[in-house]
Structure formats: structure tokens, C-alpha cells
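Visitor: Have a look at this one.
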Amino acid sequence: MESAADGPGQPRPSTGRPSWGLPFGRARRRSALSPNSRLPPAPRRTQGKAGAAGVAEDTQRTAFLLCKQWALYSVTPLYRFSEAHLRDYSRLLSAFFAAEKKKGLAVEIGGELDIKVSVTSLPDLKGSDRDQAAILVQLSSRSSASPKNSEEKVVWSGWFCCVAGDELSENLPEAFTCLPLFLVNGAESNTAIVGTWFQKTFDCCFRRLSLSPFNLSWMAAMWTGCQVDKPAPATELVFSVPRLPHPLHISYAINLEDAQALWATIQKTPGEITQEEVDVFMDCLYSHFYRHFKIHLSATKLVKVSTAVASAHCDGIIKFRRSQYLTGVLMLLTELAICQIQ
């Protein structure tokens with residue numbers, strides 16, 4: 001069997017370079033945000049049929065990312081990764097995956113496998129021309145009972161991206177590629193195999209990216225300020241009550257128009273947001289809740305935020321709901337991933 005080490009990744013380079021690799025899934029977690037951040041950019045308006053067709057095409061290419069739950073990971077820079085070798089990576093990862101599933105039995109490169117692996121580029125998911133194009137990894141299979149010409153079903157998806165990741169990429173040696181955010185939809189067993197191959201091949205490290213109550217409060221404020229088509233769902237905050245023998249959660253739903261009206265009275269500079277504004281926004285919501293239910297939400301823990309733009313859970317789970325704000329949400333998540341790496 002051809003080893004991944006013999007492929008284009010060259011996982012064991014010469015000494016004299018920084019090493020980013022750590023065992024898959026091991027590390028401490030931390031995340032933070034800048035004291036001043038920009039809101040997710042509003043969708044661009046285009047004129048004429050050509051512009052409308054371009055927007056429709058971009059939306060179609062990323063439509064499969066919407067309304068699914070994605071687990072978040074941070075990823076250290078990939079050593080000697082090349083977008084020119086994506087076909088080779090597909091072939092080598094396919095063989096590695098099959099060998100892992102068959103407990104180390106020899107597998108012929110390029111042979112017929114139960115699982116098909118594809119590694120492709122998503123060039124639309126970039127914040128600027130300086131960002132690396134997003135990389136999509138998909139596992140697909142066809143049931144043994146299905147006809148040979150039937151369509152394969154995607155059973156696992158993961159994608160690397162870097163949206164406005166200049167803070168990390170500008171200071172990297174040329175041999176490293178910055179794709180600090182990894183999002184996964186599918187079985188954890190498949191995630192472990194794919195992650196192990198990338199670690200061995202590109203000397204990188206994956207870590208689960210959790211979201212703190214601080215991060216979630218920023219998301220609640222930022223996404224409330226985004227203009228979306230009506231009708232739109234309410235903004236919902238879910239809180240966990242600590243120190244109880246049994247789990248207890250409090251759900252707090254705010255009509256979107258009411259939440260946006262409140263935010264409009266707090267935000268000083270359109271398109272930008274400060275920590276002070278986030279604190280005032282959350283304090284107003286807490287005060288309103290206390291007046292009605294006599295419960296201090298400040299004594300609980302914010303664990304989930306759900307808005308018309310996206311929803312996020314403290315365990316590091318995200319669901320995108322609006323394609324026009326996808327890049328803006330990924331910009332925030334990229335910032336959190338880079339913070340965890342550094």
C-alpha cells in the first residue's frame with residue numbers, strides 16, 4: 001500500500017522549522033473577540049441579468065452548507081499543502097480510510113472502495129483575495145443493494161476555510177497554508193479518520209472549538225443587527241441553570257423586530273460593534289426578563305443563541321441560515337479559531 005507519507009504532503013520534512021502537530025483532539029481551549037468588531041457584511045447588490053446570475057450561482061454552490069449542524073474545530077497551519085494536488089489527496093485519503101475501516105489490511109491505491117473520498121476547492125468562501133480558498137472533503141457511498149449507476153449519497157462532509165485570516169497568515173513561513181477553521185457534519189468516527197490523515201500528512205493539529213457565553217453574547221448582538229427578509233424567526237437565547245441536581249434550561253424568545261429596535265437604540269456606529277454595546281444589549285434583555293419572571297439570567301450560563309442569520313451552541317455547533325451572511329459568520333468563527341491556535 002502506498003503510504004500518505006509518499007504523497008504530495010511530505011509529512012516529515014527536514015528539521016529547522018516550527019512544528020504545529022499535536023495528537024488529534026488534545027489541547028486546552030480558549031477563545032476571545034476583539035473589543036471592536038465589524039458586523040457581518042450585508043449582501044452585495046448587483047445590477048442586470050449577469051449580476052443576478054452570478055449571485056444565484058454563488059448561492060447554489062454553497063447551498064448545501066445551510067440548515068445543517070456543523071461541529072467546529074480549529075486547525076494549525078498545514079505544512080506543504082497544495083491546492084494543485086487535491087486529486088492526489090483524494091486518492092491517498094481514500095486508501096487510508098479504507099485501510100482504517102479494514103483494520104490495517106492492505107488496500108490498493110485507486111481500487112474499488114466502499115467509500116468514495118473527494119477533496120475539492122470552494123473558491124467562493126473567501127473574505128479577500130489574500131485568503132486561501134476553502135477546501136471541501138466529502139465521503140460518499142452507494143448501498144450494496146442499489147444499482148451501480150445510482151447516485152452516491154454523501155455520508156460525511158468537512159471543510160477547511162479562512163475568511164479574513166490575515167492575522168495568522170501574514171506571519172507564516174511560505175511552506176505553511178492557513179486554513180484555521182474546520183467544520184464537520186457527520187459521524188465522529190469518520191472525523192477521527194480524516195483528521196488523523198491530515199495530521200500525519202500535513203503536520204497539523206485539530207482541536208474542538210467551543211463557544212463561551214462571551215462569544216455567544218457577541219453573536220446574539222451582531223446577528224440581531226443584520227437585516228433579513230421577512231418573515232423571520234424570533235431571536236432565542238437558551239440559558240443553563242447551574243448547581244441543580246437535574247439539568248434545567250431557560251428559553252428566552254424575543255420578537256425579531258423588537259430585538260432590532262432595541263439594538264438600533266444602542267448601536268452608535270452602523271456596521272460596527274463594541275463590547276460596551278454588547279453588554280448594554282444583554283443587560284436590557286436580562287432586565288426585561290426579570291421584570292416579568294423575577295429570574296436573574298445573569299446568574300445562569302448562556303449556552304445557545306438562535307437567530308435568523310445563524311444558530312450557535314456552546315459545545316461548538318453552528319447552523320447557517322442565510323447564505324448572504326455566510327461569509328460574515330465565517331469571518332467571526334475564523335477569528336475565534338485563530339485565537340485558539342495562538
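We name chains A, B, ... following the order of the C-alpha cells; residues begin at 1 in each chain, and ligands are numbered from 1 as shown.
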Taking the DSSP assignment computed from this structure's backbone, write out as an MDAnalysis selection string all residues of region 154-339 of chain A that belong to helix (DSSP H, G or I).
Guide: chainID A and resid 166:169 188:202 213:224 256:266 275:293 297:299 323:339
Visitor: For region 304-311 of chain A, list every protein, DNA or RNA residue within 9 Å, evaluated using only C-alpha atoms, and leave out those in the same chain fewer than 5 positions away; present the list as a ChimeraX atom specification.
Guide: /A:67,213,216-217,219-220,223-224,226-228,232-239,256,317-326,329
Visitor: With N, CA and C atoms retained, could you export that selection as a PDB file, in the first residue's frame?
Guide:
```pdb
ATOM      1  N   CYS A  67     -28.529  25.185   6.932  1.00  0.00           N
ATOM      2  CA  CYS A  67     -29.514  24.395   7.674  1.00  0.00           C
ATOM      3  C   CYS A  67     -29.011  23.007   8.066  1.00  0.00           C
ATOM      4  N   PRO A 213     -19.960  31.814  26.797  1.00  0.00           N
ATOM      5  CA  PRO A 213     -21.082  32.759  26.895  1.00  0.00           C
ATOM      6  C   PRO A 213     -20.709  34.143  26.370  1.00  0.00           C
ATOM      7  N   LEU A 216     -21.042  33.894  22.625  1.00  0.00           N
ATOM      8  CA  LEU A 216     -22.450  33.783  22.250  1.00  0.00           C
ATOM      9  C   LEU A 216     -23.191  35.115  22.403  1.00  0.00           C
ATOM     10  N   SER A 217     -22.844  35.901  23.408  1.00  0.00           N
ATOM     11  CA  SER A 217     -23.494  37.204  23.565  1.00  0.00           C
ATOM     12  C   SER A 217     -23.136  38.137  22.414  1.00  0.00           C
ATOM     13  N   MET A 219     -22.455  37.091  19.372  1.00  0.00           N
ATOM     14  CA  MET A 219     -23.212  36.586  18.231  1.00  0.00           C
ATOM     15  C   MET A 219     -24.663  37.053  18.288  1.00  0.00           C
ATOM     16  N   ALA A 220     -25.255  37.032  19.484  1.00  0.00           N
ATOM     17  CA  ALA A 220     -26.643  37.479  19.628  1.00  0.00           C
ATOM     18  C   ALA A 220     -26.792  38.934  19.185  1.00  0.00           C
ATOM     19  N   TRP A 223     -25.749  39.359  15.143  1.00  0.00           N
ATOM     20  CA  TRP A 223     -26.700  38.783  14.191  1.00  0.00           C
ATOM     21  C   TRP A 223     -28.066  39.452  14.294  1.00  0.00           C
ATOM     22  N   THR A 224     -28.394  40.002  15.449  1.00  0.00           N
ATOM     23  CA  THR A 224     -29.640  40.755  15.564  1.00  0.00           C
ATOM     24  C   THR A 224     -29.592  41.995  14.684  1.00  0.00           C
ATOM     25  N   CYS A 226     -28.371  42.319  11.787  1.00  0.00           N
ATOM     26  CA  CYS A 226     -28.381  42.014  10.350  1.00  0.00           C
ATOM     27  C   CYS A 226     -29.801  42.095   9.797  1.00  0.00           C
ATOM     28  N   GLN A 227     -29.944  42.715   8.651  1.00  0.00           N
ATOM     29  CA  GLN A 227     -31.245  42.829   8.007  1.00  0.00           C
ATOM     30  C   GLN A 227     -31.535  41.556   7.214  1.00  0.00           C
ATOM     31  N   VAL A 228     -32.698  40.950   7.468  1.00  0.00           N
ATOM     32  CA  VAL A 228     -33.075  39.708   6.784  1.00  0.00           C
ATOM     33  C   VAL A 228     -34.496  39.859   6.232  1.00  0.00           C
ATOM     34  N   ALA A 232     -39.271  36.254   9.537  1.00  0.00           N
ATOM     35  CA  ALA A 232     -38.043  35.704  10.100  1.00  0.00           C
ATOM     36  C   ALA A 232     -38.322  35.205  11.511  1.00  0.00           C
ATOM     37  N   PRO A 233     -37.608  34.167  11.936  1.00  0.00           N
ATOM     38  CA  PRO A 233     -37.841  33.625  13.281  1.00  0.00           C
ATOM     39  C   PRO A 233     -37.400  34.587  14.370  1.00  0.00           C
ATOM     40  N   ALA A 234     -37.912  34.380  15.567  1.00  0.00           N
ATOM     41  CA  ALA A 234     -37.530  35.198  16.718  1.00  0.00           C
ATOM     42  C   ALA A 234     -36.087  34.905  17.107  1.00  0.00           C
ATOM     43  N   THR A 235     -35.478  35.850  17.798  1.00  0.00           N
ATOM     44  CA  THR A 235     -34.168  35.620  18.409  1.00  0.00           C
ATOM     45  C   THR A 235     -34.388  34.836  19.703  1.00  0.00           C
ATOM     46  N   GLU A 236     -33.707  33.705  19.841  1.00  0.00           N
ATOM     47  CA  GLU A 236     -33.892  32.864  21.018  1.00  0.00           C
ATOM     48  C   GLU A 236     -32.569  32.664  21.742  1.00  0.00           C
ATOM     49  N   LEU A 237     -32.584  32.885  23.040  1.00  0.00           N
ATOM     50  CA  LEU A 237     -31.430  32.647  23.899  1.00  0.00           C
ATOM     51  C   LEU A 237     -31.777  31.522  24.864  1.00  0.00           C
ATOM     52  N   VAL A 238     -30.871  30.564  25.013  1.00  0.00           N
ATOM     53  CA  VAL A 238     -31.098  29.445  25.934  1.00  0.00           C
ATOM     54  C   VAL A 238     -30.036  29.506  27.026  1.00  0.00           C
ATOM     55  N   PHE A 239     -30.497  29.425  28.269  1.00  0.00           N
ATOM     56  CA  PHE A 239     -29.615  29.531  29.438  1.00  0.00           C
ATOM     57  C   PHE A 239     -29.669  28.234  30.241  1.00  0.00           C
ATOM     58  N   LEU A 256     -38.142  39.384  16.574  1.00  0.00           N
ATOM     59  CA  LEU A 256     -37.009  39.953  15.836  1.00  0.00           C
ATOM     60  C   LEU A 256     -37.119  41.468  15.709  1.00  0.00           C
ATOM     61  N   ILE A 317     -21.193  24.068  18.052  1.00  0.00           N
ATOM     62  CA  ILE A 317     -22.073  23.624  16.967  1.00  0.00           C
ATOM     63  C   ILE A 317     -22.682  24.867  16.330  1.00  0.00           C
ATOM     64  N   ILE A 318     -22.629  24.943  15.007  1.00  0.00           N
ATOM     65  CA  ILE A 318     -23.149  26.105  14.281  1.00  0.00           C
ATOM     66  C   ILE A 318     -24.099  25.637  13.199  1.00  0.00           C
ATOM     67  N   LYS A 319     -25.141  26.428  12.942  1.00  0.00           N
ATOM     68  CA  LYS A 319     -26.050  26.172  11.822  1.00  0.00           C
ATOM     69  C   LYS A 319     -26.254  27.496  11.097  1.00  0.00           C
ATOM     70  N   PHE A 320     -25.928  27.512   9.801  1.00  0.00           N
ATOM     71  CA  PHE A 320     -26.086  28.711   8.981  1.00  0.00           C
ATOM     72  C   PHE A 320     -27.488  28.735   8.396  1.00  0.00           C
ATOM     73  N   ARG A 321     -28.119  29.916   8.419  1.00  0.00           N
ATOM     74  CA  ARG A 321     -29.496  30.019   7.924  1.00  0.00           C
ATOM     75  C   ARG A 321     -29.640  30.975   6.741  1.00  0.00           C
ATOM     76  N   ARG A 322     -28.705  31.864   6.538  1.00  0.00           N
ATOM     77  CA  ARG A 322     -28.807  32.842   5.451  1.00  0.00           C
ATOM     78  C   ARG A 322     -27.516  32.838   4.648  1.00  0.00           C
ATOM     79  N   SER A 323     -27.606  32.512   3.370  1.00  0.00           N
ATOM     80  CA  SER A 323     -26.409  32.426   2.535  1.00  0.00           C
ATOM     81  C   SER A 323     -25.731  33.780   2.377  1.00  0.00           C
ATOM     82  N   GLN A 324     -26.510  34.877   2.390  1.00  0.00           N
ATOM     83  CA  GLN A 324     -25.898  36.185   2.175  1.00  0.00           C
ATOM     84  C   GLN A 324     -25.020  36.629   3.341  1.00  0.00           C
ATOM     85  N   TYR A 325     -25.190  35.999   4.515  1.00  0.00           N
ATOM     86  CA  TYR A 325     -24.362  36.341   5.665  1.00  0.00           C
ATOM     87  C   TYR A 325     -23.362  35.231   6.003  1.00  0.00           C
ATOM     88  N   LEU A 326     -23.239  34.243   5.134  1.00  0.00           N
ATOM     89  CA  LEU A 326     -22.351  33.112   5.401  1.00  0.00           C
ATOM     90  C   LEU A 326     -20.904  33.572   5.585  1.00  0.00           C
ATOM     91  N   VAL A 329     -20.382  35.400   8.990  1.00  0.00           N
ATOM     92  CA  VAL A 329     -20.345  34.498  10.143  1.00  0.00           C
ATOM     93  C   VAL A 329     -19.024  33.741  10.174  1.00  0.00           C
TER      94      VAL A 329
END
```
Visitor: Select, from A:Ala312, A:Cys339, A:Met222, A:Ala164, the residue with the minimum atom-to-atom distance to Arg130 (chain A), counting only C-alpha atoms.
Guide: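 Going through A:Ala312, A:Cys339, A:Met222, A:Ala164 one by one, the smallest distance to Arg130 (chain A) is for A:Ala164.
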Visitor: What does the structure give for the distance between CA of Ile115 (chain A) and CA of Asp88 (chain A), in Å to one decimal?
Guide: 16.1 Å
Visitor: Give the answer as one residue: which of A:Ala253, A:Leu244, A:Ile338, A:Leu179 has the shortest atom-to-atom distance to Lys126 (chain A), using only C-alpha atoms?
Guide: A:Leu179
Visitor: So how far away is CA of Val137 (chain A) from CA of Phe202 (chain A), in Å?
Guide: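 Result for CA of Phe202 (chain A) versus CA of Val137 (chain A): 15.1 Å, one decimal.
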Visitor: Ranking A:Asp114, A:Leu125, A:Val75, A:Lys230 by minimum distance to Lys102 (chain A) and counting only C-alpha atoms, which one comes first?
Guide: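 Of A:Asp114, A:Leu125, A:Val75, A:Lys230, the one nearest Lys102 (chain A), counting only C-alpha atoms, is A:Asp114.
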Visitor: Considering only C-alpha atoms, state which residue in the set A:Asn215, A:Ser240, A:Gln260, A:Asn185 is at the smallest distance from Asp279 (chain A).
Guide: A:Asn215
Visitor: Return the single residue from A:Val278, A:Cys178, A:Tyr252, A:Lys101 that is closest to Ala192 (chain A), with distances computed using only C-alpha atoms.
Guide: A:Lys101
